[in-house]
>>> print(open('query-v9.cif').read())   # mmCIF, C-alpha atoms
data_start
loop_
_atom_site.label_atom_id
_atom_site.label_comp_id
_atom_site.auth_asym_id
_atom_site.auth_seq_id
_atom_site.Cartn_x
_atom_site.Cartn_y
_atom_site.Cartn_z
CA MET A 4 13.09 -23.39 -18.65
CA PRO A 5 9.61 -22.20 -17.65
CA ARG A 6 10.81 -19.45 -15.35
CA LYS A 7 7.68 -17.44 -15.81
CA LYS A 8 5.50 -20.16 -14.33
CA GLN A 9 7.53 -20.46 -11.17
CA VAL A 10 5.80 -19.65 -7.90
CA HIS A 11 8.13 -17.49 -5.85
CA THR A 12 7.93 -18.25 -2.17
CA SER A 13 9.54 -15.01 -1.01
CA ALA A 14 9.76 -11.40 -2.09
CA GLU A 15 13.51 -11.84 -2.43
CA GLU A 16 13.00 -14.59 -5.00
CA THR A 17 10.56 -12.44 -6.94
CA GLU A 18 12.97 -9.52 -6.87
CA MET A 19 15.80 -11.71 -8.14
CA ALA A 20 13.56 -12.88 -10.99
CA PHE A 21 12.55 -9.27 -11.70
CA TYR A 22 16.11 -8.06 -12.28
CA ASP A 23 16.91 -11.29 -14.12
CA ALA A 24 14.01 -10.60 -16.51
CA ILE A 25 15.28 -7.06 -17.06
CA ASN A 26 18.81 -8.26 -17.68
CA ARG A 27 17.51 -10.79 -20.24
CA ALA A 28 14.90 -8.40 -21.73
CA ASP A 29 12.32 -11.17 -21.24
CA ILE A 30 8.89 -9.58 -21.38
CA ASP A 31 6.91 -12.72 -20.53
CA ALA A 32 9.08 -13.53 -17.53
CA MET A 33 8.76 -9.88 -16.42
CA MET A 34 4.98 -9.70 -16.65
CA ALA A 35 4.49 -13.07 -14.91
CA LEU A 36 6.00 -11.53 -11.79
CA TRP A 37 3.29 -8.92 -11.31
CA ALA A 38 0.16 -9.40 -9.23
CA GLU A 39 -2.80 -10.35 -11.40
CA GLU A 40 -4.93 -7.45 -10.22
CA GLU A 41 -5.26 -4.45 -12.49
CA GLU A 42 -4.27 -2.24 -9.55
CA ILE A 43 -0.54 -2.70 -10.15
CA VAL A 44 1.51 0.50 -10.47
CA CYS A 45 4.77 1.11 -12.35
CA ILE A 46 6.76 4.34 -12.49
CA HIS A 47 9.93 4.36 -14.60
CA PRO A 48 12.59 7.01 -13.86
CA GLY A 49 11.39 10.40 -15.04
CA ALA A 50 8.19 9.01 -16.53
CA SER A 51 4.49 9.18 -15.77
CA ARG A 52 2.58 6.70 -13.66
CA LEU A 53 1.34 3.54 -15.33
CA ILE A 54 -1.51 1.45 -13.94
CA GLY A 55 -2.56 -2.00 -15.09
CA HIS A 56 -1.03 -4.85 -17.06
CA ALA A 57 -1.49 -3.44 -20.57
CA ALA A 58 0.23 -0.11 -19.92
CA ILE A 59 2.98 -1.66 -17.85
CA ARG A 60 3.67 -4.40 -20.38
CA ALA A 61 3.87 -1.86 -23.20
CA SER A 62 6.39 0.20 -21.25
CA TRP A 63 8.72 -2.74 -20.61
CA GLU A 64 8.36 -3.85 -24.24
CA ALA A 65 9.53 -0.39 -25.30
CA ILE A 66 12.47 -0.57 -22.89
CA PHE A 67 13.45 -4.07 -23.97
CA ALA A 68 13.14 -3.14 -27.65
CA ARG A 69 16.23 -1.00 -27.11
CA GLY A 70 18.12 -4.01 -25.73
CA SER A 71 18.61 -5.50 -22.32
CA VAL A 72 19.44 -3.36 -19.32
CA HIS A 73 21.97 -4.53 -16.80
CA ILE A 74 20.90 -3.44 -13.35
CA ARG A 75 22.72 -4.29 -10.18
CA PRO A 76 20.54 -3.68 -7.14
CA ILE A 77 22.58 -2.60 -4.15
CA LEU A 78 21.90 -1.10 -0.74
CA LEU A 79 18.70 -3.08 -0.26
CA HIS A 80 16.58 -1.77 2.56
CA ALA A 81 13.67 -4.12 3.29
CA THR A 82 10.82 -4.31 5.77
CA HIS A 83 7.94 -6.72 5.67
CA ASN A 84 4.94 -8.18 7.37
CA VAL A 85 2.98 -11.33 6.71
CA MET A 86 1.38 -10.19 3.46
CA THR A 87 3.60 -7.40 2.16
CA SER A 88 7.30 -6.80 1.64
CA MET A 89 8.62 -3.29 1.04
CA HIS A 90 12.00 -3.00 -0.65
CA ASN A 91 13.90 0.16 -1.33
CA ILE A 92 17.05 -0.20 -3.35
CA VAL A 93 19.71 1.72 -5.19
CA GLU A 94 20.09 0.55 -8.77
CA GLU A 95 23.39 0.60 -10.60
CA VAL A 96 22.49 0.71 -14.29
CA GLN A 97 24.73 -0.22 -17.19
CA ARG A 98 23.42 0.70 -20.61
CA ASN A 99 24.39 2.85 -23.52
CA ASN A 100 21.84 5.47 -22.78
CA THR A 101 21.79 8.88 -21.24
CA LEU A 102 21.32 7.59 -17.71
CA SER A 103 24.43 5.49 -17.64
CA GLU A 104 26.43 8.30 -19.17
CA GLN A 105 25.40 10.60 -16.37
CA GLN A 106 27.94 9.65 -13.74
CA ASP A 107 26.46 12.03 -11.20
CA VAL A 108 23.10 10.34 -10.76
CA HIS A 109 21.77 7.12 -9.31
CA ILE A 110 18.38 5.45 -9.34
CA LEU A 111 16.26 4.87 -6.27
CA THR A 112 13.59 2.22 -6.49
CA THR A 113 10.73 1.19 -4.26
CA ASN A 114 9.45 -2.32 -4.98
CA ILE A 115 6.37 -3.54 -3.12
CA TYR A 116 5.63 -7.25 -3.12
CA VAL A 117 2.40 -8.88 -1.98
CA LYS A 118 1.71 -12.47 -1.05
CA THR A 119 -0.86 -13.99 -3.40
CA ALA A 120 -2.25 -17.46 -4.00
CA LYS A 121 0.40 -17.73 -6.73
CA GLY A 122 3.31 -16.68 -4.60
CA TRP A 123 4.93 -13.30 -4.00
CA ARG A 124 4.14 -10.85 -6.77
CA ILE A 125 5.03 -7.25 -7.59
CA ALA A 126 2.32 -4.73 -6.70
CA LEU A 127 4.27 -1.53 -7.24
CA HIS A 128 7.56 -0.45 -8.83
CA HIS A 129 8.53 3.20 -8.40
CA ALA A 130 11.94 4.20 -9.75
CA SER A 131 13.34 7.72 -9.80
CA ILE A 132 16.57 9.55 -10.46
CA ALA A 133 18.56 11.03 -7.59
CA PRO A 134 21.53 13.35 -7.90
CA GLY A 135 25.08 12.36 -7.08
CA LYS A 136 26.67 9.01 -6.77
CA ALA A 137 24.90 6.45 -4.61
CA GLN A 138 25.32 7.19 -0.96
CA THR A 139 28.04 5.13 0.65
CA GLU A 140 27.23 5.43 4.33
CA GLU A 141 25.55 2.07 4.11
CA LYS A 142 27.41 -1.09 3.31
CA ALA A 143 27.22 -1.65 -0.43
CA ALA A 144 26.60 -5.32 -1.03
CA PRO A 145 24.94 -7.05 -3.96
CA VAL A 146 21.73 -8.74 -2.94
CA LEU A 147 21.36 -11.14 -5.81
CA HIS A 148 23.96 -13.73 -4.90
CA MET B 28 -5.13 20.52 19.81
CA PRO B 29 -2.90 17.50 20.31
CA ARG B 30 -3.08 16.31 16.76
CA LYS B 31 0.24 14.57 16.99
CA LYS B 32 -0.98 12.19 19.71
CA GLN B 33 -3.99 11.06 17.74
CA VAL B 34 -4.21 7.41 16.82
CA HIS B 35 -5.25 7.18 13.20
CA THR B 36 -7.52 4.25 12.53
CA SER B 37 -7.02 4.18 8.77
CA ALA B 38 -4.30 4.94 6.26
CA GLU B 39 -6.56 7.60 4.79
CA GLU B 40 -6.65 9.43 8.11
CA THR B 41 -2.89 9.26 8.41
CA GLU B 42 -2.46 10.55 4.87
CA MET B 43 -4.80 13.44 5.56
CA ALA B 44 -2.77 14.31 8.66
CA PHE B 45 0.46 14.00 6.66
CA TYR B 46 -0.52 16.61 4.09
CA ASP B 47 -2.05 18.75 6.82
CA ALA B 48 1.28 18.71 8.67
CA ILE B 49 3.09 19.73 5.48
CA ASN B 50 0.62 22.51 4.79
CA ARG B 51 1.11 23.82 8.35
CA ALA B 52 4.88 23.18 8.42
CA ASP B 53 4.35 21.34 11.72
CA ILE B 54 7.40 19.17 12.32
CA ASP B 55 6.12 17.46 15.48
CA ALA B 56 2.80 16.56 13.88
CA MET B 57 4.70 15.28 10.85
CA MET B 58 7.10 13.06 12.75
CA ALA B 59 4.35 11.62 14.97
CA LEU B 60 2.84 10.05 11.85
CA TRP B 61 5.80 7.82 11.06
CA ALA B 62 6.20 4.25 12.32
CA GLU B 63 8.44 4.13 15.37
CA GLU B 64 10.87 1.68 13.82
CA GLU B 65 14.15 3.04 12.49
CA GLU B 66 13.44 1.26 9.21
CA ILE B 67 11.33 4.11 7.84
CA VAL B 68 12.32 5.46 4.41
CA CYS B 69 11.82 8.94 2.93
CA ILE B 70 12.79 10.11 -0.55
CA HIS B 71 12.08 13.73 -1.44
CA PRO B 72 11.84 14.68 -5.14
CA GLY B 73 15.29 14.62 -6.71
CA ALA B 74 17.01 13.84 -3.43
CA SER B 75 18.86 10.91 -1.92
CA ARG B 76 17.28 8.22 0.22
CA LEU B 77 16.88 8.91 3.92
CA ILE B 78 16.47 6.16 6.51
CA GLY B 79 15.47 6.60 10.16
CA HIS B 80 13.83 9.28 12.27
CA ALA B 81 16.81 11.60 12.70
CA ALA B 82 17.61 11.98 9.00
CA ILE B 83 13.96 12.21 7.99
CA ARG B 84 13.15 14.78 10.68
CA ALA B 85 16.12 16.92 9.64
CA SER B 86 14.94 16.88 6.03
CA TRP B 87 11.42 18.05 6.86
CA GLU B 88 12.83 20.70 9.21
CA ALA B 89 14.89 22.03 6.32
CA ILE B 90 11.84 22.05 4.05
CA PHE B 91 9.63 23.73 6.64
CA ALA B 92 12.33 26.31 7.41
CA ARG B 93 11.60 27.72 3.96
CA GLY B 94 7.90 28.03 4.78
CA SER B 95 4.89 25.79 4.44
CA VAL B 96 4.19 23.88 1.27
CA HIS B 97 0.69 23.57 -0.06
CA ILE B 98 0.20 20.18 -1.60
CA ARG B 99 -3.03 18.93 -3.05
CA PRO B 100 -2.99 15.16 -3.49
CA ILE B 101 -5.01 14.10 -6.49
CA LEU B 102 -5.47 10.94 -8.51
CA LEU B 103 -5.13 8.69 -5.50
CA HIS B 104 -4.56 5.07 -6.42
CA ALA B 105 -4.74 2.83 -3.37
CA THR B 106 -4.52 -0.88 -2.64
CA HIS B 107 -4.34 -2.48 0.75
CA ASN B 108 -4.41 -5.61 2.82
CA VAL B 109 -4.93 -6.15 6.54
CA MET B 110 -1.59 -4.70 7.67
CA THR B 111 -0.44 -2.49 4.82
CA SER B 112 -1.90 0.23 2.63
CA MET B 113 -0.16 1.31 -0.55
CA HIS B 114 -1.03 4.73 -1.92
CA ASN B 115 0.24 6.26 -5.11
CA ILE B 116 -0.75 9.84 -5.73
CA VAL B 117 -0.09 12.80 -7.95
CA GLU B 118 0.81 15.88 -5.93
CA GLU B 119 -0.08 19.38 -7.01
CA VAL B 120 2.42 21.66 -5.29
CA GLN B 121 2.04 25.38 -4.68
CA ARG B 122 5.15 27.13 -3.48
CA ASN B 123 7.41 29.91 -4.60
CA ASN B 124 10.17 27.58 -5.59
CA THR B 125 11.54 26.15 -8.76
CA LEU B 126 9.18 23.19 -8.77
CA SER B 127 6.03 25.22 -8.80
CA GLU B 128 7.47 27.47 -11.47
CA GLN B 129 8.03 24.52 -13.72
CA GLN B 130 4.59 24.11 -15.22
CA ASP B 131 5.63 21.10 -17.22
CA VAL B 132 6.29 18.73 -14.32
CA HIS B 133 4.28 16.98 -11.67
CA ILE B 134 5.18 14.95 -8.61
CA LEU B 135 4.43 11.27 -8.19
CA THR B 136 4.40 9.92 -4.66
CA THR B 137 4.23 6.45 -3.18
CA ASN B 138 3.12 6.40 0.46
CA ILE B 139 3.16 3.11 2.33
CA TYR B 140 1.23 2.87 5.59
CA VAL B 141 1.47 0.05 8.11
CA LYS B 142 -0.89 -0.89 10.90
CA THR B 143 0.85 -0.60 14.26
CA ALA B 144 -0.22 -0.81 17.90
CA LYS B 145 -0.50 2.99 17.71
CA GLY B 146 -2.63 3.12 14.61
CA TRP B 147 -1.72 3.48 10.95
CA ARG B 148 1.72 4.97 10.47
CA ILE B 149 3.91 5.93 7.52
CA ALA B 150 6.58 3.38 6.67
CA LEU B 151 7.77 4.83 3.36
CA HIS B 152 7.39 8.07 1.40
CA HIS B 153 8.91 8.14 -2.09
CA ALA B 154 8.30 11.28 -4.13
CA SER B 155 9.75 11.98 -7.56
CA ILE B 156 9.40 14.41 -10.42
CA ALA B 157 7.71 13.38 -13.65
CA PRO B 158 7.63 15.34 -16.89
CA GLY B 159 4.54 17.01 -18.27
CA LYS B 160 1.32 17.97 -16.63
CA ALA B 161 -0.38 15.34 -14.50
CA GLN B 162 -2.08 12.72 -16.61
CA THR B 163 -5.77 13.28 -16.98
CA GLU B 164 -7.01 9.91 -18.16
CA GLU B 165 -8.07 9.23 -14.60
CA LYS B 166 -10.72 11.19 -12.83
CA ALA B 167 -9.06 14.00 -10.92
CA ALA B 168 -10.67 14.25 -7.53
CA PRO B 169 -9.26 15.61 -4.27
CA VAL B 170 -9.01 12.88 -1.67
CA LEU B 171 -8.84 15.02 1.44
CA HIS B 172 -12.45 15.99 1.83
#
>>> encode(input="query-v9.cif", output="structure tokens")
Amino acid sequence: MPRKKQVHTSAEETEMAFYDAINRADIDAMMALWAEEEEIVCIHPGASRLIGHAAIRASWEAIFARGSVHIRPILLHATHNVMTSMHNIVEEVQRNNTLSEQQDVHILTTNIYVKTAKGWRIALHHASIAPGKAQTEEKAAPVLH
Amino acid sequence: MPRKKQVHTSAEETEMAFYDAINRADIDAMMALWAEEEEIVCIHPGASRLIGHAAIRASWEAIFARGSVHIRPILLHATHNVMTSMHNIVEEVQRNNTLSEQQDVHILTTNIYVKTAKGWRIALHHASIAPGKAQTEEKAAPVLH
């Protein structure tokens, strides 16, 4: 199924495909979701800033080489205008790595989507580690189904 | 000087006023820069997500209560469209706290500005700690003058 060639007609669709690509460790599907400009920005938790397709692709290849990562985005907070959609989410991560073993942290992620001629694409992904369990004052509901 | 009532006609102006407010520990000037909607998001380095004016104001009051913070934004990476400006910057922080004493970290910040009827305002501020000194493959130039 040529998922990577799909034109996503909303930021929500692109975000669903983003976490699907991570869960399947599918590098081509992942990179097809980013805006084609070299201005794209990616910050993984606790890592330096990456700019451009080559650096960002290499980083996801390194992550996927260690196996797929199961992320459940919760607590979506979204605002948008005609050309841009700003999502901030809490990520629940399941993986046999140090992050998932640290029960007292959670991941906060800002995803910025822009409307392009080829549908809604990712312009920026900024993920970082926050202390404590995810806050629960907001209603915790999965956004992907 | 009624800086807080100024209408900023570009995201760059708003960003300059943002770091100026931090440097002066001016809570009113700071809060006047945010979009009026309650959808605004603020994530301080290593802290949980804050949403809305009350929570965000309280967080900056707590920061300013410990004195001003001198931040020099460098390595600005900006993209924009008609209604939205996305800035990612490296922050050099000078303060007598643990962060500034840790020479082997730097701060990465995503600032999202939106065009409103009252000028360009901050919609999202997401700052996080990254290991190592700030990357130097990009030209390091101050953006505030």
>>> interface_residues(input="query-v9.cif", of="chain B", to="chain A", cutoff="7 Å", atoms="only C-alpha atoms", output="mmCIF file with C-alpha atoms, in the frame of the given file")
data_model
loop_
_atom_site.group_PDB
_atom_site.id
_atom_site.type_symbol
_atom_site.label_atom_id
_atom_site.label_comp_id
_atom_site.auth_asym_id
_atom_site.auth_seq_id
_atom_site.Cartn_x
_atom_site.Cartn_y
_atom_site.Cartn_z
ATOM 1 C CA GLY B 73 15.290 14.620 -6.710
ATOM 2 C CA ALA B 74 17.010 13.840 -3.430
ATOM 3 C CA SER B 75 18.860 10.910 -1.920
ATOM 4 C CA THR B 111 -0.440 -2.490 4.820
ATOM 5 C CA SER B 155 9.750 11.980 -7.560
ATOM 6 C CA ILE B 156 9.400 14.410 -10.420
ATOM 7 C CA ALA B 157 7.710 13.380 -13.650
ATOM 8 C CA PRO B 158 7.630 15.340 -16.890
#
>>> resolve_selection(input="query-v9.cif", expression="the PyMOL selection byres ((chain B and resi 143) around 10)", output="number ranges by chain")
B: 34-36, 62-63, 110-111, 140-142, 144-149
>>> resolve_selection(input="query-v9.cif", expression="the PyMOL selection byres ((chain B and resi 44-49) around 9)", output="number ranges by chain")
B: 30-31, 35, 39-43, 50-57, 60, 87, 91, 95-100, 149, 171
>>> atom_distance(input="query-v9.cif", atom1="atom CA of Arg93 of chain B", atom2="atom CA of Met58 of chain B")
17.7 Å
>>> atom_distance(input="query-v9.cif", atom1="atom CA of Gly55 of chain A", atom2="atom CA of Glu94 of chain A")
23.7 Å
>>> atom_distance(input="query-v9.cif", atom1="atom CA of Asn138 of chain B", atom2="atom CA of Ala38 of chain B")
9.5 Å
